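Undergrad: Contents of upload.txt (compact mmCIF, C-alpha atoms) are below:
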```txt
# COMPACT_ATOMS: atom_id res chain seq x y z
CA MET A 1 -3.96 10.27 13.69
CA THR A 2 -1.37 8.46 11.60
CA VAL A 3 -2.35 6.37 8.59
CA TYR A 4 0.24 3.89 7.38
CA ILE A 5 0.07 3.22 3.67
CA ASP A 6 0.98 -0.47 3.99
CA SER A 7 -1.76 -1.11 6.54
CA LEU A 8 -4.26 0.72 4.38
CA PHE A 9 -3.21 -1.25 1.30
CA LEU A 10 -3.31 -4.64 3.03
CA THR A 11 -6.67 -3.93 4.65
CA ASN A 12 -8.12 -2.86 1.31
CA LEU A 13 -6.60 -5.89 -0.41
CA PHE A 14 -8.15 -8.26 2.11
CA MET A 15 -11.57 -6.61 2.13
CA ASP A 16 -11.71 -6.26 -1.66
CA SER A 17 -10.83 -9.91 -2.12
CA VAL A 18 -13.50 -10.96 0.38
CA ILE A 19 -16.13 -8.77 -1.31
CA LEU A 20 -15.20 -10.07 -4.77
CA PHE A 21 -15.21 -13.67 -3.56
CA ILE A 22 -18.65 -13.31 -1.97
CA THR A 23 -19.96 -11.63 -5.11
CA CYS A 24 -18.69 -14.53 -7.23
CA MET A 25 -20.32 -17.02 -4.88
CA LEU A 26 -23.66 -15.21 -5.00
CA ARG A 27 -23.56 -15.06 -8.78
CA ARG A 28 -22.45 -18.71 -8.93
CA ARG A 29 -19.53 -17.95 -11.22
CA GLN A 30 -16.28 -19.84 -11.34
CA VAL A 31 -13.39 -17.39 -11.11
CA THR A 32 -9.74 -18.30 -10.73
CA PHE A 33 -7.91 -17.19 -7.63
CA LEU A 34 -5.38 -15.28 -9.74
CA ARG A 35 -8.06 -13.18 -11.45
CA LEU A 36 -9.73 -12.44 -8.13
CA PHE A 37 -6.38 -11.46 -6.57
CA VAL A 38 -5.44 -9.19 -9.49
CA ALA A 39 -8.79 -7.39 -9.32
CA ALA A 40 -8.44 -6.94 -5.55
CA PHE A 41 -4.84 -5.75 -5.97
CA VAL A 42 -5.80 -3.11 -8.54
CA SER A 43 -8.65 -1.94 -6.35
CA ALA A 44 -6.45 -1.73 -3.24
CA LEU A 45 -3.75 0.12 -5.15
CA TYR A 46 -6.32 2.59 -6.43
CA GLY A 47 -7.52 3.18 -2.88
CA ALA A 48 -4.00 3.61 -1.50
CA LEU A 49 -3.04 6.18 -4.15
CA MET A 50 -5.45 8.73 -2.71
CA PHE A 51 -2.73 9.83 -0.27
CA PHE A 52 -0.49 11.05 -3.08
CA PRO A 53 -1.57 14.51 -4.29
CA SER A 54 0.39 14.17 -7.55
CA VAL A 55 -2.08 11.54 -8.83
CA SER A 56 -5.25 13.43 -7.92
CA PHE A 57 -6.33 13.32 -11.58
CA MET A 58 -7.16 9.63 -11.04
CA TYR A 59 -10.15 10.59 -8.90
CA SER A 60 -12.05 12.30 -11.68
CA ALA A 61 -15.26 10.75 -12.98
CA VAL A 62 -13.57 9.44 -16.12
CA PHE A 63 -10.97 7.41 -14.24
CA LYS A 64 -13.56 6.09 -11.78
CA VAL A 65 -15.61 4.75 -14.69
CA LEU A 66 -12.50 3.25 -16.32
CA PHE A 67 -11.42 1.51 -13.12
CA SER A 68 -14.90 0.11 -12.58
CA ILE A 69 -15.01 -1.61 -15.99
CA ILE A 70 -11.41 -2.93 -16.08
CA PRO A 71 -11.98 -6.41 -14.55
```
What is this file in structure tokens?
TA:
Amino acid sequence: MTVYIDSLFLTNLFMDSVILFITCMLRRRQVTFLRLFVAAFVSALYGALMFFPSVSFMYSAVFKVLFSIIP
């Protein structure tokens, strides 16, 4: 099975933006589209980097905690 990095990135970008948007709606918070897009972009980029073995250090517990509190 072949996984294309651009398809993976775009799918993650779309799904992350939808999840973040729904979360903002449920919490009744006003968030700008730019902030939502940047958070989804960072999350999709983080997910797409798993296919590069040279950045495997990013999947340690420390980096997972850092990426979860960045927004």
Undergrad: Give the answer as one residue: which of A:Met50, A:Ile69, A:Val55, A:Met25 has the shortest atom-to-atom distance to A:Val3, using only C-alpha atoms?
TA: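 For A:Val3, the nearest of the given residues is A:Met50.
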Undergrad: Taking 3 positions as the minimum chain separation for residues in the same chain, which residues sit within 6 Å of stretch 30-45 of chain A when counting all atoms listed in the file? Answer as a PyMOL selection string.
TA: chain A and resi 9+12-13+16-17+48
Undergrad: Interatomic distance between atom CA of A:Ala61 and atom CA of A:Asp6?
TA: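 Rounded to one decimal, the two atoms are 26.0 Å apart.
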Undergrad: Could you tell me how far atom CA of A:Val18 lies from atom CA of A:Ile70, in Å and to one decimal?
TA: 18.4 Å
Undergrad: I need the residue nearest A:Leu49 from this list: A:Met1, A:Phe14, A:Val62, A:Leu8. Use all atoms listed in the file for the distance.
TA: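 Ranking A:Met1, A:Phe14, A:Val62, A:Leu8 by distance to A:Leu49, first place goes to A:Leu8.
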Undergrad: Between atom CA of A:Ser7 and atom CA of A:Phe63, measure the distance and give it in Å to one decimal.
TA: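 Separation of atom CA of A:Ser7 and atom CA of A:Phe63: 24.3 Å.
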Undergrad: Please determine, counting only C-alpha atoms, which residue among A:Thr11, A:Cys24, A:Val65, A:Thr2 has the shortest atom-to-atom distance to A:Gly47.
TA: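 Distance minimum relative to A:Gly47 lands on A:Thr11.
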